[in-house]
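Visitor: Hey, dropping my_file-v2.txt in here, compact mmCIF, C-alpha atoms and all ligand atoms:
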```txt
# COMPACT_ATOMS: atom_id res chain seq x y z
CA MET A 1 9.18 -22.39 -6.57
CA ALA A 2 6.54 -22.09 -3.86
CA ASN A 3 3.48 -19.80 -3.84
CA THR A 4 4.86 -16.29 -3.71
CA ALA A 5 3.56 -12.82 -2.89
CA ILE A 6 5.33 -9.76 -4.25
CA VAL A 7 4.59 -6.76 -2.08
CA GLY A 8 5.77 -3.22 -1.50
CA ILE A 9 7.58 -2.46 1.74
CA ASN A 10 7.30 1.32 1.61
CA TRP A 11 5.07 3.94 -0.06
CA GLY A 12 4.65 2.13 -3.40
CA ASP A 13 6.60 2.43 -6.68
CA GLU A 14 9.33 0.21 -5.28
CA GLY A 15 9.60 -1.73 -8.55
CA LYS A 16 7.17 -4.58 -7.83
CA GLY A 17 6.16 -4.83 -11.50
CA ARG A 18 9.69 -5.70 -12.62
CA MET A 19 9.90 -8.38 -9.90
CA VAL A 20 6.57 -9.94 -10.91
CA ASP A 21 7.71 -9.83 -14.54
CA LEU A 22 10.91 -11.64 -13.52
CA LEU A 23 9.35 -14.25 -11.23
CA THR A 24 6.28 -15.17 -13.30
CA ARG A 25 8.38 -17.61 -15.28
CA ASP A 26 8.47 -19.81 -12.14
CA HIS A 27 4.71 -19.61 -11.60
CA ASP A 28 1.55 -20.71 -13.41
CA VAL A 29 -0.94 -18.15 -12.18
CA VAL A 30 -0.56 -14.45 -11.30
CA VAL A 31 -3.31 -12.77 -9.23
CA ARG A 32 -3.86 -9.13 -8.39
CA TYR A 33 -5.63 -9.04 -5.03
CA GLN A 34 -6.40 -5.40 -4.22
CA GLY A 35 -6.49 -1.86 -5.54
CA GLY A 36 -7.55 -0.56 -8.89
CA GLY A 37 -6.26 1.62 -11.67
CA ASN A 38 -4.86 4.18 -9.22
CA ALA A 39 -1.24 3.12 -9.40
CA GLY A 40 0.98 1.71 -12.08
CA HIS A 41 3.64 -0.91 -12.51
CA THR A 42 6.27 -0.08 -15.09
CA ILE A 43 7.68 -3.04 -16.95
CA VAL A 44 10.39 -3.19 -19.57
CA ASN A 45 10.61 -6.43 -21.55
CA GLU A 46 10.89 -7.81 -25.09
CA TYR A 47 7.60 -6.09 -26.07
CA GLY A 48 8.80 -2.65 -24.97
CA LYS A 49 7.99 -0.41 -21.99
CA PHE A 50 4.56 -0.64 -20.38
CA ALA A 51 2.77 1.11 -17.53
CA LEU A 52 0.22 -1.41 -16.29
CA HIS A 53 -2.52 -0.18 -14.00
CA LEU A 54 -4.92 -3.08 -13.69
CA LEU A 55 -3.59 -5.99 -15.72
CA PRO A 56 -1.49 -8.42 -13.69
CA SER A 57 2.18 -8.17 -14.65
CA GLY A 58 2.20 -11.84 -15.73
CA ILE A 59 0.27 -10.90 -18.86
CA PHE A 60 3.48 -10.92 -20.93
CA THR A 61 4.49 -14.46 -20.00
CA LYS A 62 3.17 -17.21 -22.27
CA GLY A 63 1.29 -20.00 -20.52
CA VAL A 64 0.61 -17.94 -17.38
CA VAL A 65 -3.01 -17.39 -16.34
CA ASN A 66 -3.63 -13.89 -14.97
CA ILE A 67 -6.45 -13.17 -12.55
CA LEU A 68 -8.03 -10.01 -11.22
CA GLY A 69 -9.28 -11.18 -7.84
CA ASN A 70 -12.35 -10.27 -5.82
CA GLY A 71 -10.39 -7.69 -3.79
CA VAL A 72 -9.70 -5.53 -6.83
CA ALA A 73 -11.60 -2.35 -7.74
CA LEU A 74 -12.67 -3.48 -11.19
CA ASP A 75 -12.59 -0.40 -13.36
CA CYS A 76 -14.03 -1.78 -16.64
CA GLU A 77 -13.44 1.45 -18.49
CA ASN A 78 -9.72 1.55 -17.77
CA LEU A 79 -9.35 -2.20 -18.13
CA VAL A 80 -10.87 -2.19 -21.63
CA LYS A 81 -8.51 0.60 -22.67
CA GLU A 82 -5.51 -1.14 -21.13
CA ILE A 83 -6.30 -4.47 -22.80
CA GLU A 84 -6.63 -2.74 -26.19
CA GLU A 85 -3.41 -0.79 -25.72
CA VAL A 86 -1.34 -3.81 -24.63
CA LYS A 87 -2.84 -6.03 -27.37
CA SER A 88 -2.02 -3.41 -30.00
CA ARG A 89 1.65 -3.92 -29.11
CA GLY A 90 1.66 -7.61 -29.93
CA VAL A 91 0.75 -9.19 -26.58
CA ASP A 92 -1.94 -11.92 -26.64
CA ILE A 93 -4.81 -11.25 -24.23
CA SER A 94 -7.83 -13.54 -24.27
CA PRO A 95 -10.00 -15.44 -21.77
CA GLU A 96 -7.29 -18.11 -22.04
CA ASN A 97 -4.76 -15.98 -20.16
CA LEU A 98 -6.89 -13.39 -18.36
CA ALA A 99 -9.77 -14.01 -15.96
CA VAL A 100 -11.80 -11.59 -13.86
CA SER A 101 -13.35 -12.79 -10.63
CA ASP A 102 -17.14 -12.90 -10.74
CA ARG A 103 -16.94 -11.61 -7.14
CA ALA A 104 -14.94 -8.50 -8.00
CA SER A 105 -17.02 -5.36 -7.52
CA LEU A 106 -17.37 -2.90 -10.39
CA LEU A 107 -16.05 0.61 -10.12
CA LEU A 108 -18.96 2.62 -11.51
CA PRO A 109 -18.80 5.99 -13.35
CA TRP A 110 -19.90 7.91 -10.25
CA HIS A 111 -16.99 6.68 -8.18
CA ARG A 112 -14.49 8.64 -10.23
CA GLU A 113 -16.73 11.71 -10.17
CA LEU A 114 -17.21 11.50 -6.40
CA ASP A 115 -13.45 11.32 -5.90
CA SER A 116 -12.96 14.62 -7.74
CA LEU A 117 -15.91 16.27 -5.99
CA GLU A 118 -14.62 15.27 -2.56
CA GLU A 119 -11.01 16.36 -3.25
CA ALA A 120 -12.36 19.72 -4.45
CA ARG A 121 -14.42 20.04 -1.23
CA LEU A 122 -11.38 19.21 0.91
CA ALA A 123 -9.27 21.80 -0.96
CA ASP A 124 -5.98 22.25 0.93
CA LYS A 125 -6.85 19.40 3.31
CA LYS A 126 -6.87 16.87 0.48
CA TYR A 127 -5.23 13.45 0.85
CA GLY A 128 -3.70 13.39 -2.61
CA SER A 129 -6.17 11.10 -4.32
CA THR A 130 -5.35 9.99 -7.85
CA LYS A 131 -9.06 10.63 -8.57
CA GLN A 132 -9.57 7.15 -9.95
CA GLY A 133 -12.59 6.60 -7.71
CA ILE A 134 -10.86 4.19 -5.35
CA ALA A 135 -11.98 5.60 -1.97
CA PRO A 136 -15.66 6.05 -3.00
CA PHE A 137 -15.55 2.58 -4.53
CA TYR A 138 -14.29 0.81 -1.41
CA SER A 139 -16.68 2.82 0.80
CA ASP A 140 -19.55 1.56 -1.33
CA LYS A 141 -18.18 -1.97 -1.34
CA TYR A 142 -18.16 -2.04 2.47
CA SER A 143 -21.68 -0.57 2.44
CA LYS A 144 -22.64 -3.44 0.11
CA LYS A 145 -23.66 -0.93 -2.53
CA THR A 146 -21.69 -2.20 -5.51
CA VAL A 147 -22.36 -4.50 -8.43
CA LEU A 148 -20.38 -7.72 -8.77
CA ALA A 149 -18.70 -8.47 -12.09
CA GLY A 150 -20.65 -11.76 -12.18
CA GLU A 151 -23.88 -9.77 -12.48
CA LEU A 152 -22.82 -8.83 -16.02
CA LEU A 153 -23.78 -12.41 -16.85
CA TYR A 154 -27.36 -11.80 -15.61
CA PRO A 155 -28.58 -8.68 -17.53
CA GLU A 156 -32.07 -8.48 -16.01
CA HIS A 157 -30.74 -8.75 -12.50
CA LEU A 158 -27.98 -6.24 -13.29
CA LYS A 159 -30.46 -3.66 -14.60
CA ALA A 160 -32.69 -3.93 -11.54
CA HIS A 161 -29.68 -3.66 -9.23
CA LEU A 162 -28.32 -0.62 -11.05
CA GLU A 163 -31.74 1.07 -10.85
CA ASP A 164 -31.69 0.73 -7.06
CA LEU A 165 -28.12 1.97 -6.74
CA LEU A 166 -28.78 4.88 -9.09
CA GLU A 167 -31.64 6.19 -6.99
CA TRP A 168 -29.50 5.97 -3.84
CA LYS A 169 -26.33 7.45 -5.34
CA ASN A 170 -28.13 10.36 -7.01
CA LEU A 171 -29.24 11.49 -3.54
CA THR A 172 -25.59 12.04 -2.59
CA LEU A 173 -24.49 13.45 -5.92
CA LYS A 174 -27.30 15.97 -6.17
CA ASN A 175 -28.01 16.87 -2.55
CA VAL A 176 -24.53 16.77 -1.03
CA TYR A 177 -22.36 17.89 -3.93
CA GLY A 178 -24.88 19.72 -6.14
CA ALA A 179 -23.84 17.56 -9.09
CA GLU A 180 -26.10 16.49 -11.94
CA GLY A 181 -26.42 12.83 -11.08
CA TYR A 182 -26.81 9.95 -13.54
CA THR A 183 -29.62 8.50 -15.63
CA MET A 184 -30.36 4.85 -16.27
CA GLU A 185 -29.64 5.46 -19.94
CA GLN A 186 -26.12 6.64 -19.13
CA LEU A 187 -25.51 3.60 -16.96
CA MET A 188 -26.74 1.18 -19.63
CA ASP A 189 -24.51 2.90 -22.22
CA TRP A 190 -21.59 2.39 -19.85
CA VAL A 191 -22.51 -1.31 -19.45
CA ARG A 192 -22.66 -1.67 -23.25
CA ASP A 193 -19.40 0.18 -23.93
CA PHE A 194 -17.28 -1.30 -21.16
CA GLY A 195 -19.04 -3.99 -19.09
CA GLU A 196 -19.93 -6.08 -22.14
CA LYS A 197 -16.29 -6.12 -23.25
CA ILE A 198 -15.17 -7.46 -19.87
CA LYS A 199 -17.93 -10.10 -19.73
CA PRO A 200 -16.02 -12.79 -21.67
CA PHE A 201 -13.30 -12.71 -19.00
CA VAL A 202 -15.63 -13.06 -16.00
CA LYS A 203 -15.65 -16.43 -14.28
CA ASP A 204 -15.56 -18.23 -10.96
CA THR A 205 -11.87 -17.62 -10.42
CA GLY A 206 -12.03 -19.11 -6.91
CA GLU A 207 -12.78 -22.46 -8.56
CA LEU A 208 -9.99 -21.87 -11.08
CA LEU A 209 -7.49 -21.16 -8.28
CA LYS A 210 -8.66 -24.14 -6.22
CA LYS A 211 -8.16 -26.43 -9.19
CA ALA A 212 -4.77 -24.94 -10.03
CA SER A 213 -3.67 -25.35 -6.43
CA ALA A 214 -4.88 -28.98 -6.29
CA GLU A 215 -2.85 -29.69 -9.44
CA GLY A 216 0.26 -28.36 -7.72
CA LYS A 217 0.43 -25.21 -9.82
CA LYS A 218 2.24 -22.24 -8.34
CA ILE A 219 0.48 -18.97 -7.67
CA LEU A 220 2.04 -15.55 -7.57
CA PHE A 221 0.15 -12.85 -5.67
CA GLU A 222 0.75 -9.33 -6.93
CA ALA A 223 0.20 -6.27 -4.75
CA GLN A 224 -0.24 -2.64 -5.60
CA LEU A 225 1.33 0.14 -3.49
CA GLY A 226 3.20 -0.65 -0.25
CA ALA A 227 2.84 -1.44 3.46
CA LEU A 228 2.78 2.25 4.44
CA ARG A 229 -0.30 2.72 2.24
CA ASP A 230 -2.19 -0.18 3.81
CA LEU A 231 -5.63 0.87 5.02
CA ASP A 232 -5.12 -0.62 8.50
CA TYR A 233 -1.35 -0.54 9.03
CA GLY A 234 -0.27 2.43 6.93
CA ILE A 235 -0.03 6.18 7.49
CA VAL A 236 -3.74 6.79 8.01
CA PRO A 237 -5.40 8.76 6.39
CA TYR A 238 -2.71 8.99 3.69
CA THR A 239 -3.25 5.38 2.76
CA THR A 240 -5.10 3.73 -0.04
CA SER A 241 -8.55 2.28 0.69
CA SER A 242 -7.61 -1.40 0.58
CA ASN A 243 -5.20 -3.77 2.31
CA THR A 244 -1.92 -3.90 0.46
CA ILE A 245 -0.24 -6.38 2.80
CA ALA A 246 0.56 -9.99 1.98
CA ALA A 247 -1.73 -11.29 4.73
CA PHE A 248 -4.67 -10.05 2.66
CA ALA A 249 -3.51 -11.73 -0.56
CA PRO A 250 -5.39 -15.02 -0.13
CA VAL A 251 -8.60 -13.16 0.85
CA GLY A 252 -8.51 -10.71 -2.04
CA SER A 253 -7.50 -13.37 -4.55
CA GLY A 254 -10.30 -15.90 -4.11
CA ILE A 255 -8.35 -18.64 -2.37
CA PRO A 256 -8.63 -17.74 1.32
CA ASN A 257 -6.98 -20.98 2.46
CA ALA A 258 -3.87 -20.50 0.32
CA LYS A 259 -0.48 -20.83 1.95
CA ILE A 260 2.10 -18.30 0.83
CA GLU A 261 5.54 -19.70 1.46
CA ARG A 262 7.56 -16.82 0.04
CA ILE A 263 6.90 -13.14 0.54
CA VAL A 264 9.19 -11.01 -1.59
CA GLY A 265 9.23 -7.51 -0.15
CA VAL A 266 10.36 -4.89 -2.64
CA VAL A 267 12.43 -1.98 -1.32
CA LYS A 268 13.97 0.79 -3.36
CA ALA A 269 17.60 1.71 -2.63
CA TYR A 270 16.29 5.19 -1.72
CA SER A 271 12.84 6.51 -0.82
CA SER A 272 10.09 7.89 -3.02
CA CYS A 273 6.53 8.82 -2.28
CA VAL A 274 3.63 10.15 -4.31
CA GLY A 275 0.96 12.40 -2.88
CA GLU A 276 0.38 14.05 0.44
CA GLY A 277 1.24 13.04 4.00
CA PRO A 278 4.29 12.84 6.26
CA PHE A 279 7.47 11.66 4.54
CA THR A 280 10.14 11.93 7.21
CA CYS A 281 13.24 11.41 5.08
CA GLU A 282 12.19 13.88 2.37
CA TRP A 283 14.77 15.90 0.48
CA PHE A 284 14.09 19.27 -1.10
CA GLY A 285 15.82 21.58 -3.58
CA ASP A 286 18.74 20.63 -5.81
CA GLU A 287 19.58 17.47 -3.90
CA ALA A 288 16.05 16.16 -4.43
CA GLU A 289 15.95 17.26 -8.05
CA LYS A 290 19.16 15.39 -8.83
CA LEU A 291 17.90 12.15 -7.26
CA ARG A 292 14.50 12.51 -8.94
CA GLU A 293 16.19 12.92 -12.31
CA ALA A 294 18.62 10.04 -11.73
CA GLY A 295 15.78 7.71 -10.70
CA ASP A 296 13.24 9.06 -13.20
CA GLU A 297 10.80 9.50 -10.34
CA TYR A 298 7.62 10.64 -12.05
CA GLY A 299 4.31 8.83 -11.40
CA ALA A 300 3.43 5.99 -13.81
CA LYS A 301 -0.25 6.94 -13.60
CA THR A 302 -0.25 10.67 -13.06
CA GLY A 303 3.18 11.86 -14.30
CA ARG A 304 3.45 13.77 -10.98
CA PRO A 305 7.04 14.31 -9.75
CA ARG A 306 7.56 11.97 -6.83
CA ARG A 307 8.91 13.16 -3.49
CA VAL A 308 12.32 11.60 -2.87
CA GLY A 309 14.89 11.10 -0.12
CA PRO A 310 17.41 8.62 1.28
CA ILE A 311 16.41 5.10 2.27
CA ASP A 312 14.38 5.17 5.49
CA ILE A 313 15.47 2.31 7.73
CA VAL A 314 12.80 2.94 10.38
CA ALA A 315 9.93 2.86 7.88
CA THR A 316 11.48 -0.04 5.95
CA ARG A 317 11.91 -2.19 9.06
CA TYR A 318 8.24 -1.56 9.91
CA GLY A 319 7.24 -2.45 6.35
CA VAL A 320 9.24 -5.69 6.44
CA GLU A 321 7.54 -6.75 9.69
CA THR A 322 4.07 -5.76 8.51
CA GLN A 323 4.46 -7.64 5.26
CA GLY A 324 6.05 -10.67 6.91
CA ALA A 325 8.66 -10.55 4.14
CA THR A 326 10.80 -13.67 3.82
CA THR A 327 13.20 -12.11 1.34
CA ILE A 328 13.87 -8.64 -0.02
CA ALA A 329 14.36 -7.36 -3.55
CA LEU A 330 16.39 -4.16 -3.39
CA THR A 331 15.78 -2.19 -6.59
CA LYS A 332 17.40 0.77 -8.33
CA LEU A 333 20.77 0.46 -6.64
CA ASP A 334 22.27 1.77 -9.91
CA VAL A 335 20.51 5.10 -9.39
CA LEU A 336 22.79 5.92 -6.42
CA SER A 337 25.98 5.51 -8.46
CA TYR A 338 26.38 9.29 -8.92
CA MET A 339 26.60 10.01 -5.17
CA ASP A 340 29.90 10.62 -3.35
CA LYS A 341 28.34 9.64 -0.04
CA ILE A 342 25.23 7.46 0.29
CA PRO A 343 22.76 8.95 2.77
CA ILE A 344 20.72 6.73 5.08
CA CYS A 345 17.89 7.78 7.36
CA ALA A 346 19.05 5.46 10.13
CA HIS A 347 16.74 6.52 13.01
CA TYR A 348 14.07 9.06 13.84
CA GLU A 349 14.19 11.73 16.48
CA LEU A 350 10.89 12.24 18.25
CA ASP A 351 10.32 14.43 21.33
CA GLY A 352 14.07 14.89 21.66
CA LYS A 353 14.70 11.13 21.76
CA ILE A 354 16.20 8.81 19.16
CA THR A 355 13.78 6.07 18.17
CA ASP A 356 13.77 3.06 15.83
CA ARG A 357 10.05 2.53 16.17
CA PHE A 358 7.77 3.72 13.38
CA PRO A 359 5.53 6.30 15.08
CA PHE A 360 1.74 6.39 15.35
CA PRO A 361 0.35 8.27 12.29
CA ALA A 362 -0.78 11.32 14.26
CA VAL A 363 2.74 12.02 15.58
CA LEU A 364 4.65 10.91 12.50
CA PRO A 365 4.80 14.52 11.18
CA ASP A 366 6.80 15.44 14.33
CA ALA A 367 9.53 12.87 13.62
CA LYS A 368 12.86 14.13 12.26
CA PRO A 369 15.31 12.02 10.28
CA VAL A 370 18.69 11.08 11.74
CA VAL A 371 20.88 10.79 8.67
CA GLU A 372 24.14 8.87 8.43
CA TYR A 373 26.43 8.38 5.42
CA MET A 374 28.30 5.52 3.80
CA ASP A 375 30.91 5.70 1.06
CA GLY A 376 29.63 5.82 -2.50
CA TRP A 377 31.01 3.63 -5.32
CA LYS A 378 30.96 6.26 -8.09
CA CYS A 379 30.93 3.87 -11.06
CA ASP A 380 28.38 2.32 -13.37
CA ILE A 381 27.05 -0.91 -11.86
CA SER A 382 24.26 -1.57 -14.35
CA ALA A 383 26.17 -4.40 -16.07
CA CYS A 384 26.87 -6.30 -12.82
CA ARG A 385 25.13 -9.67 -12.74
CA ARG A 386 26.91 -11.39 -9.84
CA TRP A 387 27.21 -10.27 -6.23
CA GLU A 388 30.99 -10.26 -6.45
CA ASP A 389 30.84 -7.96 -9.51
CA LEU A 390 29.52 -5.14 -7.35
CA PRO A 391 32.07 -2.69 -5.91
CA ARG A 392 32.77 -3.23 -2.21
CA GLU A 393 31.02 0.02 -1.21
CA ALA A 394 27.82 -1.12 -2.93
CA ARG A 395 27.98 -4.51 -1.20
CA ASP A 396 28.58 -2.78 2.13
CA TYR A 397 25.49 -0.65 1.59
CA VAL A 398 23.31 -3.67 0.77
CA GLU A 399 24.66 -5.60 3.76
CA TYR A 400 24.08 -2.66 6.07
CA ILE A 401 20.40 -2.48 5.03
CA GLU A 402 20.06 -6.25 5.37
CA ARG A 403 21.38 -6.14 8.93
CA GLU A 404 19.24 -3.20 9.97
CA ILE A 405 15.94 -4.55 8.61
CA ASP A 406 16.77 -8.10 9.68
CA CYS A 407 15.74 -9.75 6.42
CA HIS A 408 17.79 -11.42 3.71
CA ILE A 409 18.19 -9.39 0.51
CA GLY A 410 17.82 -12.07 -2.14
CA TYR A 411 17.70 -9.82 -5.20
CA VAL A 412 19.58 -6.66 -6.08
CA SER A 413 18.29 -4.88 -9.15
CA VAL A 414 20.63 -2.64 -11.12
CA GLY A 415 18.46 -1.63 -14.09
CA PRO A 416 14.87 -1.72 -15.33
CA GLU A 417 15.36 -4.59 -17.81
CA ARG A 418 14.28 -8.11 -16.86
CA ASP A 419 17.83 -9.47 -16.61
CA SER A 420 19.39 -6.46 -14.85
CA ILE A 421 19.39 -8.31 -11.58
CA ILE A 422 21.74 -10.00 -9.14
CA ILE A 423 20.32 -13.06 -7.41
CA ARG A 424 22.04 -13.81 -4.11
P1 LIG A 501 5.91 -0.56 -8.97
O1 LIG A 501 4.57 0.09 -9.00
O2 LIG A 501 6.29 -0.98 -7.59
O3 LIG A 501 6.04 -1.66 -9.97
O4 LIG A 501 7.00 0.54 -9.34
P2 LIG A 501 7.01 1.55 -10.60
O5 LIG A 501 6.81 0.81 -11.83
O6 LIG A 501 6.14 2.70 -10.35
O7 LIG A 501 8.49 2.11 -10.45
C1 LIG A 501 9.58 1.39 -10.73
C2 LIG A 501 10.32 2.11 -11.86
O8 LIG A 501 11.69 1.85 -11.75
C3 LIG A 501 9.95 1.63 -13.23
O9 LIG A 501 10.08 2.70 -14.15
C4 LIG A 501 10.97 0.54 -13.53
O10 LIG A 501 11.21 0.33 -14.91
C5 LIG A 501 12.17 1.13 -12.86
N1 LIG A 501 13.10 0.17 -12.31
C6 LIG A 501 12.81 -0.98 -11.61
N2 LIG A 501 13.94 -1.54 -11.15
C7 LIG A 501 14.98 -0.73 -11.53
C8 LIG A 501 16.38 -0.74 -11.31
O11 LIG A 501 16.93 -1.61 -10.65
N3 LIG A 501 17.09 0.30 -11.83
C9 LIG A 501 16.52 1.30 -12.55
N4 LIG A 501 17.30 2.27 -13.02
N5 LIG A 501 15.20 1.35 -12.77
C10 LIG A 501 14.43 0.35 -12.26
```
Please lay out the structure from this file as structure tokens.
Guide:
Amino acid sequence: MANTAIVGINWGDEGKGRMVDLLTRDHDVVVRYQGGGNAGHTIVNEYGKFALHLLPSGIFTKGVVNILGNGVALDCENLVKEIEEVKSRGVDISPENLAVSDRASLLLPWHRELDSLEEARLADKKYGSTKQGIAPFYSDKYSKKTVLAGELLYPEHLKAHLEDLLEWKNLTLKNVYGAEGYTMEQLMDWVRDFGEKIKPFVKDTGELLKKASAEGKKILFEAQLGALRDLDYGIVPYTTSSNTIAAFAPVGSGIPNAKIERIVGVVKAYSSCVGEGPFTCEWFGDEAEKLREAGDEYGAKTGRPRRVGPIDIVATRYGVETQGATTIALTKLDVLSYMDKIPICAHYELDGKITDRFPFPAVLPDAKPVVEYMDGWKCDISACRRWEDLPREARDYVEYIEREIDCHIGYVSVGPERDSIIIR
């Protein structure tokens, strides 16, 4: 199999983790290229059920090297906890199968605190941050005010750098937010408790990827969140603070000249969204509650109930284009089995006109869904493993989506387990 990126087409939580878990067996290296511990991939495999936040989803596959690339918000504190938790359940994690880019910037203790302080200041105008420090982190990264993971290998340099940053950051914490600020002692304790534990994993992962590529090894690029949360192409300002799209994968991974032959876009058979912002196809009341229950739509990181609704063809088509998807994995088709009629948000209505174009963020809240219905199949499809095993109504639904988004649906997932999938 060629180099592959697995990306979200919509608002995130599409089921990317299960696709990475499935496809790692055809790859040698798995790289996370953006984001931090602010979202979670849920994976069910022979070790049990896991919610991964930072670790690449290839960590369960023997022989696969997992990399946290330079584009990631490296939250040492959460990573240490996650490594310990996953190891305690029988999974091997060592510098043999996990590497952290020396060019990844460190998410420092004040980033998380600043996130909470800013959300509190915004009050009812908040963007729905997960308060994991992601926005303050990326702001500082672009201001060149972060520490690189590689600096952990040079303690004297690290200390001097942290002293400079501390002085600068305390100005904001104390004078803007009236917070206490940090001391050098606190920072050095943090380095000892968390940074030192990550140090053995830190290396020149660009070199590692270059070598792997030259040897013909196959790389899988793993994204967090979806196209509609991309900093440049998503629903600004209700996006994350990094680029979630496949075009960024080589840059954020450490192999900027990589060619990605396959882009697997993951789409859920209905819509879900966490946090604030316009969500055109949203359902409310009993209807929403039933779908949320059927799909177990509660955040992997926060436990927050997700907003849900029918599949949104307008947003999905935009996501497919933005990601440059070459094939689609449609997940959670089994969740719709209880419905008599399958709802589809087929178009939007904006200013009294029907449109198929995903609107500019500022006018997106004015868009209304145009909903159409297809026949439901009303039977359990979770044991189907071949396309022809699916009831005709289910196949019709998949083919309808395929036609509308103009991209082949190569995988149809009918359950959370690794093998609950139909490959077309
Ligand atoms: P990710 O961040 O894109 O990996 O998505 P999440 O992990 O947040 O959400 C996907 C959830 O759906 C997880 O709990 C998966 O175990 C589950 N899941 C994935 N595919 C399927 C499927 O086809 N059917 C069902 N019922 N659950 C699925």
Visitor: List as a list in words the protein and nucleic acid residues lying within 6 Å of ligand LIG 501 (chain A), with only C-alpha atoms and all ligand atoms counted.
Guide: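 The residues near ligand LIG 501 (chain A) are Gly12, Asp13, Glu14, Gly15, Lys16, Gly17, Arg18, Gly40, His41, Thr42, Ile43, Val44, Ala300, Thr331, Lys332, Leu333, Asp334, Val335, Ser413, Val414, Gly415 and Pro416 of chain A.
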Visitor: Could you name the residues that touch Arg32 of chain A at 8 Å or less, counting all atoms listed in the file, but leaving out those on the same chain fewer than 6 positions away, as a list of chain:residue names?
Guide: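 Listed by chain and then number, they are A:Leu55, A:Pro56, A:Ile67, A:Leu68, A:Gly69, A:Val72, A:Phe221, A:Glu222, A:Ala223, A:Gln224, A:Ser253.
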Visitor: Looking at all atoms listed in the file, which of A:Ile354, A:Leu54, A:Ile9, A:Val29 is the one that sits closest to Ile245 of chain A?
Guide: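 Of all the options, A:Ile9 lies closest to Ile245 of chain A.
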Visitor: List the spatial neighbours of His27 of chain A as a ChimeraX atom specification - criterion: any atom at most 10 Å away, only C-alpha atoms, same-chain residues fewer than 5 positions off excluded.
Guide: /A:1-4,20,58,61,63-65,217-220
Visitor: May I have the protein, DNA and RNA residues with an atom at most 9 Å from (20.5, -12.0, 0.5), counting all atoms listed in the file in the file's coordinates, returned as an MDAnalysis selection string?
Guide: chainID A and resid 327:329 398:399 402 407:412 423:424
Visitor: Those residues you just picked out, can you put them in a file as a compact mmCIF listing (two decimals), in the coordinates of the input with C-alpha atoms?
Guide:
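Result saved to result.txt:
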```
# COMPACT_ATOMS: atom_id res chain seq x y z
CA THR A 327 13.20 -12.11 1.34
CA ILE A 328 13.87 -8.64 -0.02
CA ALA A 329 14.36 -7.36 -3.55
CA VAL A 398 23.31 -3.67 0.77
CA GLU A 399 24.66 -5.60 3.76
CA GLU A 402 20.06 -6.25 5.37
CA CYS A 407 15.74 -9.75 6.42
CA HIS A 408 17.79 -11.42 3.71
CA ILE A 409 18.19 -9.39 0.51
CA GLY A 410 17.82 -12.07 -2.14
CA TYR A 411 17.70 -9.82 -5.20
CA VAL A 412 19.58 -6.66 -6.08
CA ILE A 423 20.32 -13.06 -7.41
CA ARG A 424 22.04 -13.81 -4.11
```
Visitor: List the spatial neighbours of Cys379 of chain A as a PyMOL selection string - criterion: any atom at most 12 Å away, all atoms listed in the file, same-chain residues fewer than 4 positions off excluded.
Guide: chain A and resi 333-340+383-384+389-394
